[in-house]
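Asks: The file below is query.txt, compact mmCIF, N, CA and C atoms:
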```txt
# COMPACT_ATOMS: atom_id res chain seq x y z
N MET A 26 -2.98 19.28 21.12
CA MET A 26 -1.99 19.51 20.10
C MET A 26 -2.68 19.68 18.75
N LYS A 27 -2.35 20.74 18.07
CA LYS A 27 -2.93 21.01 16.76
C LYS A 27 -2.09 20.32 15.69
N ILE A 28 -2.74 19.48 14.89
CA ILE A 28 -2.09 18.80 13.79
C ILE A 28 -2.56 19.46 12.50
N GLU A 29 -1.70 20.28 11.91
CA GLU A 29 -2.08 21.01 10.71
C GLU A 29 -1.70 20.27 9.42
N ARG A 30 -0.60 19.51 9.45
CA ARG A 30 -0.14 18.85 8.24
C ARG A 30 0.34 17.44 8.58
N ILE A 31 -0.17 16.48 7.82
CA ILE A 31 0.19 15.07 8.00
C ILE A 31 0.92 14.60 6.75
N LEU A 32 2.10 14.03 6.94
CA LEU A 32 2.88 13.49 5.84
C LEU A 32 2.65 11.98 5.76
N VAL A 33 2.33 11.50 4.57
CA VAL A 33 2.08 10.06 4.39
C VAL A 33 2.99 9.55 3.28
N PRO A 34 4.14 8.95 3.64
CA PRO A 34 4.99 8.33 2.62
C PRO A 34 4.32 7.06 2.10
N VAL A 35 4.29 6.90 0.78
CA VAL A 35 3.62 5.75 0.19
C VAL A 35 4.55 5.01 -0.77
N ASP A 36 4.40 3.69 -0.78
CA ASP A 36 5.12 2.87 -1.76
C ASP A 36 4.14 2.14 -2.68
N PHE A 37 2.87 2.54 -2.61
CA PHE A 37 1.77 2.05 -3.45
C PHE A 37 1.32 0.63 -3.12
N SER A 38 1.72 0.13 -1.97
CA SER A 38 1.27 -1.19 -1.52
C SER A 38 -0.07 -1.06 -0.80
N GLU A 39 -0.66 -2.20 -0.50
CA GLU A 39 -1.90 -2.21 0.29
C GLU A 39 -1.64 -1.63 1.68
N HIS A 40 -0.44 -1.82 2.18
CA HIS A 40 -0.09 -1.27 3.50
C HIS A 40 -0.09 0.26 3.45
N SER A 41 0.42 0.82 2.35
CA SER A 41 0.40 2.28 2.20
C SER A 41 -1.02 2.80 2.10
N LEU A 42 -1.86 2.06 1.40
CA LEU A 42 -3.26 2.46 1.28
C LEU A 42 -3.94 2.46 2.65
N ALA A 43 -3.62 1.48 3.47
CA ALA A 43 -4.17 1.43 4.83
C ALA A 43 -3.67 2.61 5.65
N ALA A 44 -2.40 2.98 5.51
CA ALA A 44 -1.86 4.14 6.22
C ALA A 44 -2.56 5.41 5.76
N LEU A 45 -2.82 5.51 4.47
CA LEU A 45 -3.53 6.68 3.93
C LEU A 45 -4.94 6.78 4.51
N LYS A 46 -5.63 5.67 4.58
CA LYS A 46 -6.98 5.68 5.14
C LYS A 46 -6.97 6.12 6.61
N TYR A 47 -5.98 5.67 7.34
CA TYR A 47 -5.85 6.08 8.73
C TYR A 47 -5.53 7.57 8.82
N ALA A 48 -4.65 8.05 7.95
CA ALA A 48 -4.31 9.48 7.92
C ALA A 48 -5.53 10.33 7.61
N ILE A 49 -6.39 9.85 6.73
CA ILE A 49 -7.61 10.59 6.40
C ILE A 49 -8.51 10.71 7.62
N GLU A 50 -8.63 9.63 8.39
CA GLU A 50 -9.43 9.69 9.62
C GLU A 50 -8.87 10.74 10.58
N LEU A 51 -7.55 10.74 10.76
CA LEU A 51 -6.91 11.72 11.64
C LEU A 51 -7.08 13.14 11.09
N ALA A 52 -6.92 13.30 9.79
CA ALA A 52 -7.03 14.62 9.18
C ALA A 52 -8.44 15.19 9.34
N ARG A 53 -9.43 14.35 9.18
CA ARG A 53 -10.82 14.81 9.40
C ARG A 53 -11.01 15.31 10.82
N GLU A 54 -10.50 14.53 11.76
CA GLU A 54 -10.66 14.88 13.17
C GLU A 54 -9.97 16.20 13.51
N HIS A 55 -8.81 16.46 12.90
CA HIS A 55 -8.02 17.64 13.24
C HIS A 55 -8.08 18.74 12.17
N LYS A 56 -8.86 18.50 11.10
CA LYS A 56 -8.96 19.46 9.99
C LYS A 56 -7.57 19.78 9.44
N SER A 57 -6.83 18.71 9.12
CA SER A 57 -5.45 18.81 8.67
C SER A 57 -5.33 18.65 7.17
N GLU A 58 -4.19 19.09 6.65
CA GLU A 58 -3.83 18.82 5.26
C GLU A 58 -3.03 17.53 5.22
N ILE A 59 -3.26 16.72 4.19
CA ILE A 59 -2.49 15.50 3.97
C ILE A 59 -1.56 15.73 2.79
N VAL A 60 -0.29 15.37 2.99
CA VAL A 60 0.68 15.43 1.90
C VAL A 60 1.18 14.00 1.65
N LEU A 61 0.79 13.46 0.51
CA LEU A 61 1.28 12.13 0.10
C LEU A 61 2.65 12.31 -0.54
N VAL A 62 3.58 11.47 -0.20
CA VAL A 62 4.93 11.58 -0.74
C VAL A 62 5.41 10.20 -1.18
N HIS A 63 5.98 10.18 -2.39
CA HIS A 63 6.69 8.99 -2.83
C HIS A 63 8.10 9.42 -3.19
N ILE A 64 9.06 8.60 -2.79
CA ILE A 64 10.47 8.92 -3.05
C ILE A 64 11.09 7.81 -3.88
N VAL A 65 11.62 8.20 -5.03
CA VAL A 65 12.35 7.26 -5.89
C VAL A 65 13.79 7.26 -5.39
N GLU A 66 14.22 6.09 -4.93
CA GLU A 66 15.56 5.97 -4.35
C GLU A 66 16.64 5.85 -5.43
N PRO A 67 17.89 6.19 -5.05
CA PRO A 67 19.00 6.02 -6.00
C PRO A 67 19.12 4.56 -6.44
N LEU A 68 19.63 4.38 -7.62
CA LEU A 68 19.80 3.03 -8.15
C LEU A 68 20.92 2.31 -7.41
N PRO A 69 20.80 0.99 -7.30
CA PRO A 69 21.87 0.23 -6.65
C PRO A 69 23.19 0.35 -7.41
N TYR A 70 24.28 0.26 -6.68
CA TYR A 70 25.60 0.34 -7.28
C TYR A 70 25.75 -0.76 -8.35
N GLY A 71 26.31 -0.41 -9.48
CA GLY A 71 26.56 -1.39 -10.54
C GLY A 71 25.45 -1.55 -11.55
N ILE A 72 24.32 -0.89 -11.35
CA ILE A 72 23.20 -1.03 -12.27
C ILE A 72 23.54 -0.49 -13.65
N ALA A 73 24.50 0.45 -13.73
CA ALA A 73 24.86 1.07 -15.01
C ALA A 73 25.45 0.06 -15.99
N ARG A 74 25.86 -1.09 -15.50
CA ARG A 74 26.37 -2.12 -16.41
C ARG A 74 25.28 -2.65 -17.33
N TRP A 75 24.03 -2.67 -16.85
CA TRP A 75 22.96 -3.27 -17.62
C TRP A 75 21.97 -2.26 -18.19
N TYR A 76 21.86 -1.11 -17.58
CA TYR A 76 20.86 -0.13 -17.99
C TYR A 76 21.48 1.27 -18.01
N GLU A 77 20.86 2.15 -18.76
CA GLU A 77 21.21 3.57 -18.73
C GLU A 77 20.55 4.16 -17.48
N PRO A 78 21.34 4.55 -16.47
CA PRO A 78 20.77 4.97 -15.18
C PRO A 78 19.79 6.14 -15.29
N THR A 79 20.11 7.13 -16.10
CA THR A 79 19.23 8.29 -16.20
C THR A 79 17.87 7.90 -16.76
N LYS A 80 17.88 7.09 -17.81
CA LYS A 80 16.61 6.65 -18.41
C LYS A 80 15.82 5.78 -17.44
N LEU A 81 16.50 4.95 -16.69
CA LEU A 81 15.83 4.08 -15.73
C LEU A 81 15.18 4.91 -14.61
N LEU A 82 15.89 5.90 -14.09
CA LEU A 82 15.32 6.77 -13.06
C LEU A 82 14.14 7.57 -13.60
N GLU A 83 14.25 8.05 -14.84
CA GLU A 83 13.13 8.77 -15.46
C GLU A 83 11.91 7.86 -15.58
N HIS A 84 12.15 6.61 -15.98
CA HIS A 84 11.05 5.64 -16.10
C HIS A 84 10.41 5.40 -14.74
N TYR A 85 11.23 5.16 -13.71
CA TYR A 85 10.70 4.95 -12.36
C TYR A 85 9.90 6.17 -11.91
N GLY A 86 10.40 7.36 -12.21
CA GLY A 86 9.71 8.59 -11.84
C GLY A 86 8.36 8.72 -12.52
N GLU A 87 8.29 8.37 -13.82
CA GLU A 87 7.03 8.45 -14.56
C GLU A 87 6.00 7.46 -14.02
N VAL A 88 6.45 6.24 -13.76
CA VAL A 88 5.55 5.22 -13.20
C VAL A 88 5.06 5.65 -11.82
N ALA A 89 6.00 6.14 -10.99
CA ALA A 89 5.64 6.57 -9.63
C ALA A 89 4.68 7.74 -9.66
N LEU A 90 4.87 8.66 -10.59
CA LEU A 90 3.98 9.82 -10.68
C LEU A 90 2.56 9.38 -11.01
N GLY A 91 2.42 8.42 -11.90
CA GLY A 91 1.10 7.89 -12.23
C GLY A 91 0.43 7.23 -11.04
N GLU A 92 1.18 6.45 -10.29
CA GLU A 92 0.65 5.79 -9.10
C GLU A 92 0.30 6.81 -8.02
N LEU A 93 1.16 7.82 -7.87
CA LEU A 93 0.92 8.85 -6.88
C LEU A 93 -0.35 9.63 -7.20
N GLU A 94 -0.56 9.92 -8.47
CA GLU A 94 -1.79 10.60 -8.89
C GLU A 94 -3.01 9.73 -8.60
N ARG A 95 -2.88 8.43 -8.80
CA ARG A 95 -3.98 7.51 -8.50
C ARG A 95 -4.31 7.53 -7.01
N PHE A 96 -3.29 7.48 -6.16
CA PHE A 96 -3.50 7.54 -4.71
C PHE A 96 -4.13 8.87 -4.32
N GLU A 97 -3.63 9.97 -4.89
CA GLU A 97 -4.17 11.29 -4.56
C GLU A 97 -5.63 11.40 -4.99
N LYS A 98 -5.95 10.89 -6.16
CA LYS A 98 -7.34 10.94 -6.65
C LYS A 98 -8.26 10.16 -5.71
N GLU A 99 -7.81 8.98 -5.31
CA GLU A 99 -8.62 8.17 -4.38
C GLU A 99 -8.81 8.90 -3.05
N ALA A 100 -7.75 9.54 -2.57
CA ALA A 100 -7.83 10.25 -1.29
C ALA A 100 -8.74 11.47 -1.38
N THR A 101 -8.60 12.25 -2.44
CA THR A 101 -9.38 13.49 -2.55
C THR A 101 -10.87 13.23 -2.76
N GLN A 102 -11.22 12.03 -3.19
CA GLN A 102 -12.64 11.69 -3.31
C GLN A 102 -13.31 11.61 -1.94
N VAL A 103 -12.54 11.25 -0.93
CA VAL A 103 -13.11 11.14 0.42
C VAL A 103 -12.65 12.25 1.36
N TYR A 104 -11.53 12.90 1.02
CA TYR A 104 -11.01 14.01 1.83
C TYR A 104 -10.27 14.97 0.90
N PRO A 105 -10.88 16.11 0.60
CA PRO A 105 -10.33 16.98 -0.45
C PRO A 105 -9.04 17.74 -0.10
N VAL A 106 -8.67 17.81 1.16
CA VAL A 106 -7.49 18.59 1.54
C VAL A 106 -6.26 17.67 1.50
N CYS A 107 -5.91 17.26 0.29
CA CYS A 107 -4.83 16.30 0.09
C CYS A 107 -4.07 16.68 -1.18
N ARG A 108 -2.77 16.58 -1.10
CA ARG A 108 -1.94 16.80 -2.28
C ARG A 108 -0.79 15.81 -2.26
N SER A 109 -0.05 15.74 -3.37
CA SER A 109 1.02 14.77 -3.44
C SER A 109 2.29 15.40 -4.00
N GLU A 110 3.41 14.78 -3.67
CA GLU A 110 4.71 15.22 -4.15
C GLU A 110 5.57 14.01 -4.45
N LEU A 111 6.33 14.11 -5.54
CA LEU A 111 7.29 13.07 -5.92
C LEU A 111 8.69 13.63 -5.71
N HIS A 112 9.54 12.84 -5.07
CA HIS A 112 10.93 13.27 -4.81
C HIS A 112 11.88 12.15 -5.17
N PHE A 113 13.14 12.51 -5.36
CA PHE A 113 14.21 11.56 -5.63
C PHE A 113 15.24 11.68 -4.52
N GLY A 114 15.72 10.54 -4.01
CA GLY A 114 16.75 10.56 -2.97
C GLY A 114 16.61 9.40 -2.02
N VAL A 115 17.36 9.46 -0.95
CA VAL A 115 17.32 8.43 0.10
C VAL A 115 16.10 8.73 0.97
N ILE A 116 15.25 7.74 1.14
CA ILE A 116 13.93 7.95 1.75
C ILE A 116 14.00 8.69 3.09
N HIS A 117 14.74 8.16 4.05
CA HIS A 117 14.73 8.78 5.38
C HIS A 117 15.33 10.19 5.36
N GLU A 118 16.27 10.45 4.47
CA GLU A 118 16.84 11.80 4.37
C GLU A 118 15.83 12.79 3.79
N VAL A 119 15.15 12.37 2.72
CA VAL A 119 14.16 13.25 2.08
C VAL A 119 13.01 13.52 3.04
N ILE A 120 12.55 12.51 3.74
CA ILE A 120 11.45 12.69 4.70
C ILE A 120 11.85 13.70 5.77
N GLY A 121 13.06 13.58 6.29
CA GLY A 121 13.54 14.53 7.30
C GLY A 121 13.55 15.96 6.77
N GLU A 122 14.01 16.13 5.54
CA GLU A 122 14.02 17.46 4.94
C GLU A 122 12.60 17.99 4.73
N LEU A 123 11.71 17.12 4.27
CA LEU A 123 10.33 17.55 4.03
C LEU A 123 9.61 17.93 5.32
N MET A 124 9.92 17.22 6.39
CA MET A 124 9.27 17.54 7.67
C MET A 124 9.55 18.98 8.06
N SER A 125 10.79 19.41 7.88
CA SER A 125 11.13 20.79 8.22
C SER A 125 10.57 21.76 7.19
N LYS A 126 10.78 21.47 5.92
CA LYS A 126 10.36 22.37 4.84
C LYS A 126 8.85 22.59 4.83
N LEU A 127 8.09 21.51 5.01
CA LEU A 127 6.62 21.59 4.95
C LEU A 127 5.98 21.85 6.31
N LYS A 128 6.78 21.89 7.35
CA LYS A 128 6.27 22.06 8.72
C LYS A 128 5.26 20.98 9.07
N VAL A 129 5.69 19.75 8.92
CA VAL A 129 4.86 18.58 9.17
C VAL A 129 4.73 18.35 10.67
N ASP A 130 3.50 18.08 11.12
CA ASP A 130 3.24 17.81 12.53
C ASP A 130 3.21 16.32 12.85
N LEU A 131 2.92 15.51 11.83
CA LEU A 131 2.73 14.08 12.08
C LEU A 131 3.06 13.30 10.81
N ILE A 132 3.72 12.15 10.97
CA ILE A 132 3.95 11.21 9.87
C ILE A 132 3.08 10.00 10.13
N VAL A 133 2.36 9.56 9.11
CA VAL A 133 1.62 8.29 9.18
C VAL A 133 2.24 7.38 8.13
N ILE A 134 2.85 6.30 8.61
CA ILE A 134 3.54 5.38 7.71
C ILE A 134 3.22 3.95 8.12
N SER A 135 3.12 3.09 7.14
CA SER A 135 2.85 1.68 7.45
C SER A 135 4.14 0.99 7.83
N MET A 136 4.03 0.09 8.78
CA MET A 136 5.15 -0.76 9.15
C MET A 136 4.89 -2.12 8.51
N ARG A 137 5.68 -2.42 7.56
CA ARG A 137 5.53 -3.73 6.92
C ARG A 137 6.91 -4.29 6.68
N GLY A 138 7.02 -5.58 6.70
CA GLY A 138 8.30 -6.22 6.47
C GLY A 138 8.10 -7.71 6.49
N GLN A 139 9.16 -8.41 6.15
CA GLN A 139 9.08 -9.87 6.15
C GLN A 139 8.79 -10.37 7.56
N SER A 140 9.46 -9.78 8.51
CA SER A 140 9.21 -10.15 9.90
C SER A 140 9.67 -9.01 10.80
N HIS A 141 9.12 -8.95 11.97
CA HIS A 141 9.53 -7.92 12.93
C HIS A 141 10.99 -8.12 13.31
N LEU A 142 11.44 -9.36 13.44
CA LEU A 142 12.82 -9.64 13.80
C LEU A 142 13.77 -9.11 12.73
N LEU A 143 13.43 -9.31 11.46
CA LEU A 143 14.26 -8.81 10.37
C LEU A 143 14.36 -7.29 10.42
N ASP A 144 13.25 -6.62 10.69
CA ASP A 144 13.27 -5.16 10.80
C ASP A 144 14.16 -4.71 11.96
N ILE A 145 14.13 -5.44 13.07
CA ILE A 145 14.97 -5.10 14.22
C ILE A 145 16.44 -5.29 13.87
N LEU A 146 16.76 -6.39 13.20
CA LEU A 146 18.15 -6.69 12.90
C LEU A 146 18.77 -5.76 11.87
N ILE A 147 18.06 -5.49 10.77
CA ILE A 147 18.65 -4.67 9.71
C ILE A 147 18.02 -3.30 9.59
N GLY A 148 16.91 -3.09 10.26
CA GLY A 148 16.26 -1.77 10.26
C GLY A 148 15.41 -1.58 9.03
N GLY A 149 14.12 -1.42 9.23
CA GLY A 149 13.21 -1.18 8.13
C GLY A 149 13.18 0.30 7.78
N THR A 150 12.54 0.61 6.69
CA THR A 150 12.43 1.99 6.24
C THR A 150 11.73 2.85 7.28
N ALA A 151 10.63 2.35 7.84
CA ALA A 151 9.90 3.13 8.85
C ALA A 151 10.78 3.40 10.06
N GLU A 152 11.57 2.42 10.46
CA GLU A 152 12.45 2.59 11.61
C GLU A 152 13.51 3.65 11.31
N LYS A 153 14.05 3.64 10.10
CA LYS A 153 15.06 4.65 9.72
C LYS A 153 14.45 6.05 9.70
N ILE A 154 13.22 6.14 9.23
CA ILE A 154 12.53 7.44 9.21
C ILE A 154 12.36 7.95 10.64
N LEU A 155 11.91 7.08 11.53
CA LEU A 155 11.72 7.48 12.93
C LEU A 155 13.02 7.90 13.58
N ARG A 156 14.11 7.21 13.24
CA ARG A 156 15.41 7.50 13.83
C ARG A 156 15.98 8.83 13.33
N HIS A 157 15.69 9.18 12.07
CA HIS A 157 16.31 10.36 11.47
C HIS A 157 15.39 11.58 11.40
N ALA A 158 14.12 11.40 11.63
CA ALA A 158 13.17 12.53 11.51
C ALA A 158 13.35 13.50 12.67
N PRO A 159 13.18 14.80 12.39
CA PRO A 159 13.29 15.78 13.48
C PRO A 159 12.13 15.65 14.46
```
Could you express the structure from this file as structure tokens?

Replies:
Amino acid sequence: MKIERILVPVDFSEHSLAALKYAIELAREHKSEIVLVHIVEPLPYGIARWYEPTKLLEHYGEVALGELERFEKEATQVYPVCRSELHFGVIHEVIGELMSKLKVDLIVISMRGQSHLLDILIGGTAEKILRHAP
């Protein structure tokens, strides 16, 4: 199976960094492109009572873009065929759309959570991505 494009969703945690390192190993082996993606999710209901939602989302986007650039810089130092994208929306929905749009062959994502049981009961982000991805 030819793996031409690997999607790596990141939340800037150590777990995401580990997933990126693993994706780089796979990309080297298959001569693939890596696309790092961070998604800024919609604000929780009721947040407008305390903050201006538009300004808060812009702030989150600016911070995320800086972190995404840092991750991309670190990745391109060891594997140059890497780029990054910042998106806004519901994580599993955006990932599903990107898989089709970018013609992604593989997703590398870290599974992290308070406990495996908690992820089973309420569903973690990685589980939602797997359930909704094409």

Asks: Calculated over all atoms listed in the file, which of the candidates A:Ile116, A:Val35, A:Ile134, A:Ile49 has the smallest distance to Pro67 in chain A?

Replies: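 Result for the nearest residue to Pro67 in chain A: A:Ile116.
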
Asks: For each of A:Val133, A:Leu51, A:Leu61, A:Met26, take the minimum atom-to-atom distance to Phe96 in chain A, counting all atoms listed in the file, then give the residue where this is smallest.

Replies: A:Leu61

Asks: Would you mind listing what lies within 7 Å of Val129 in chain A as a ChimeraX atom specification, with all atoms listed in the file counted and same-chain residues fewer than 4 positions away left out?

Replies: /A:29-32,123-125

Asks: How would the residues just chosen look if you wrote them out with N, CA and C atoms as a PDB file, keeping the file's coordinate frame?

Replies:
```pdb
ATOM      1  N   GLU A  29      -1.700  20.280  11.910  1.00  0.00           N
ATOM      2  CA  GLU A  29      -2.080  21.010  10.710  1.00  0.00           C
ATOM      3  C   GLU A  29      -1.700  20.270   9.420  1.00  0.00           C
ATOM      4  N   ARG A  30      -0.600  19.510   9.450  1.00  0.00           N
ATOM      5  CA  ARG A  30      -0.140  18.850   8.240  1.00  0.00           C
ATOM      6  C   ARG A  30       0.340  17.440   8.580  1.00  0.00           C
ATOM      7  N   ILE A  31      -0.170  16.480   7.820  1.00  0.00           N
ATOM      8  CA  ILE A  31       0.190  15.070   8.000  1.00  0.00           C
ATOM      9  C   ILE A  31       0.920  14.600   6.750  1.00  0.00           C
ATOM     10  N   LEU A  32       2.100  14.030   6.940  1.00  0.00           N
ATOM     11  CA  LEU A  32       2.880  13.490   5.840  1.00  0.00           C
ATOM     12  C   LEU A  32       2.650  11.980   5.760  1.00  0.00           C
ATOM     13  N   LEU A 123      11.710  17.120   4.270  1.00  0.00           N
ATOM     14  CA  LEU A 123      10.330  17.550   4.030  1.00  0.00           C
ATOM     15  C   LEU A 123       9.610  17.930   5.320  1.00  0.00           C
ATOM     16  N   MET A 124       9.920  17.220   6.390  1.00  0.00           N
ATOM     17  CA  MET A 124       9.270  17.540   7.670  1.00  0.00           C
ATOM     18  C   MET A 124       9.550  18.980   8.060  1.00  0.00           C
ATOM     19  N   SER A 125      10.790  19.410   7.880  1.00  0.00           N
ATOM     20  CA  SER A 125      11.130  20.790   8.220  1.00  0.00           C
ATOM     21  C   SER A 125      10.570  21.760   7.190  1.00  0.00           C
TER      22      SER A 125
END
```

Asks: Could you check which of A:Val60, A:Val119, A:Ala89, A:Leu81 is closest to Val106 in chain A, using all atoms listed in the file?

Replies: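 Closest candidate: A:Val60.
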
Asks: Residues near range 63-66 of chain A, anyone? I mean within 8 Å using only C-alpha atoms, not counting same-chain ones fewer than 6 positions away, as a ChimeraX atom specification.

Replies: /A:34-36,82,85-86,89,93,110-116,119

Asks: Quick one: DSSP helix (DSSP H, G or I) residues in range 29-79 of chain A, as a list in words?

Replies: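 For range 29-79 of chain A, the helix (DSSP H, G or I) set is Glu39, His40, Ser41, Leu42, Ala43, Ala44, Leu45, Lys46, Tyr47, Ala48, Ile49, Glu50, Leu51, Ala52, Arg53, Glu54, His55, Ile72, Ala73, Arg74, Pro78 and Thr79 of chain A.
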
Asks: Could you jot down the CA of Ser57 in chain A to CA of Arg95 in chain A separation for me, Å, one decimal place?

Replies: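 Spanning CA of Ser57 in chain A to CA of Arg95 in chain A is a straight-line distance of 20.6 Å.
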
Asks: Write out as a PyMOL selection string all residues of range 58-131 of chain A that DSSP puts in strand (DSSP E or B) for this structure's backbone.

Replies: chain A and resi 58-65+107-113+131

Asks: State, in Å with one decimal place, the distance from atom C of Leu90 in chain A to CA of Arg108 in chain A.

Replies: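 Between these atoms lies a distance of 12.3 Å.
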
Asks: So how many Å separate CA of Ile132 in chain A and atom C of Tyr47 in chain A, to one decimal?

Replies: 10.2 Å

Asks: Pick from A:Ser135, A:Arg53, A:Gly91, A:Asp130: nearest to Ser41 in chain A, with all atoms listed in the file counted?

Replies: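 Using all atoms listed in the file, the shortest distance to Ser41 in chain A belongs to A:Ser135.
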
Asks: Could you write range 85-97 of chain A as a tab-separated table (two decimals), in the coordinates of the input, with N, CA, C and O atoms rebuilt where they are missing?

Replies:
```tsv
chain	number	residue	atom	x	y	z
A	85	TYR	N	11.23	5.16	-13.71
A	85	TYR	CA	10.70	4.95	-12.36
A	85	TYR	C	9.90	6.17	-11.91
A	85	TYR	O	8.85	6.04	-11.29
A	86	GLY	N	10.40	7.36	-12.21
A	86	GLY	CA	9.71	8.59	-11.84
A	86	GLY	C	8.36	8.72	-12.52
A	86	GLY	O	7.37	9.09	-11.90
A	87	GLU	N	8.29	8.37	-13.82
A	87	GLU	CA	7.03	8.45	-14.56
A	87	GLU	C	6.00	7.46	-14.02
A	87	GLU	O	4.84	7.80	-13.83
A	88	VAL	N	6.45	6.24	-13.76
A	88	VAL	CA	5.55	5.22	-13.20
A	88	VAL	C	5.06	5.65	-11.82
A	88	VAL	O	3.88	5.57	-11.50
A	89	ALA	N	6.00	6.14	-10.99
A	89	ALA	CA	5.64	6.57	-9.63
A	89	ALA	C	4.68	7.74	-9.66
A	89	ALA	O	3.74	7.79	-8.86
A	90	LEU	N	4.87	8.66	-10.59
A	90	LEU	CA	3.98	9.82	-10.68
A	90	LEU	C	2.56	9.38	-11.01
A	90	LEU	O	1.60	9.88	-10.43
A	91	GLY	N	2.42	8.42	-11.90
A	91	GLY	CA	1.10	7.89	-12.23
A	91	GLY	C	0.43	7.23	-11.04
A	91	GLY	O	-0.76	7.45	-10.78
A	92	GLU	N	1.18	6.45	-10.29
A	92	GLU	CA	0.65	5.79	-9.10
A	92	GLU	C	0.30	6.81	-8.02
A	92	GLU	O	-0.71	6.70	-7.34
A	93	LEU	N	1.16	7.82	-7.87
A	93	LEU	CA	0.92	8.85	-6.88
A	93	LEU	C	-0.35	9.63	-7.20
A	93	LEU	O	-1.15	9.92	-6.32
A	94	GLU	N	-0.56	9.92	-8.47
A	94	GLU	CA	-1.79	10.60	-8.89
A	94	GLU	C	-3.01	9.73	-8.60
A	94	GLU	O	-4.06	10.24	-8.20
A	95	ARG	N	-2.88	8.43	-8.80
A	95	ARG	CA	-3.98	7.51	-8.50
A	95	ARG	C	-4.31	7.53	-7.01
A	95	ARG	O	-5.48	7.61	-6.62
A	96	PHE	N	-3.29	7.48	-6.16
A	96	PHE	CA	-3.50	7.54	-4.71
A	96	PHE	C	-4.13	8.87	-4.32
A	96	PHE	O	-5.05	8.91	-3.51
A	97	GLU	N	-3.63	9.97	-4.89
A	97	GLU	CA	-4.17	11.29	-4.56
A	97	GLU	C	-5.63	11.40	-4.99
A	97	GLU	O	-6.47	11.92	-4.24
```
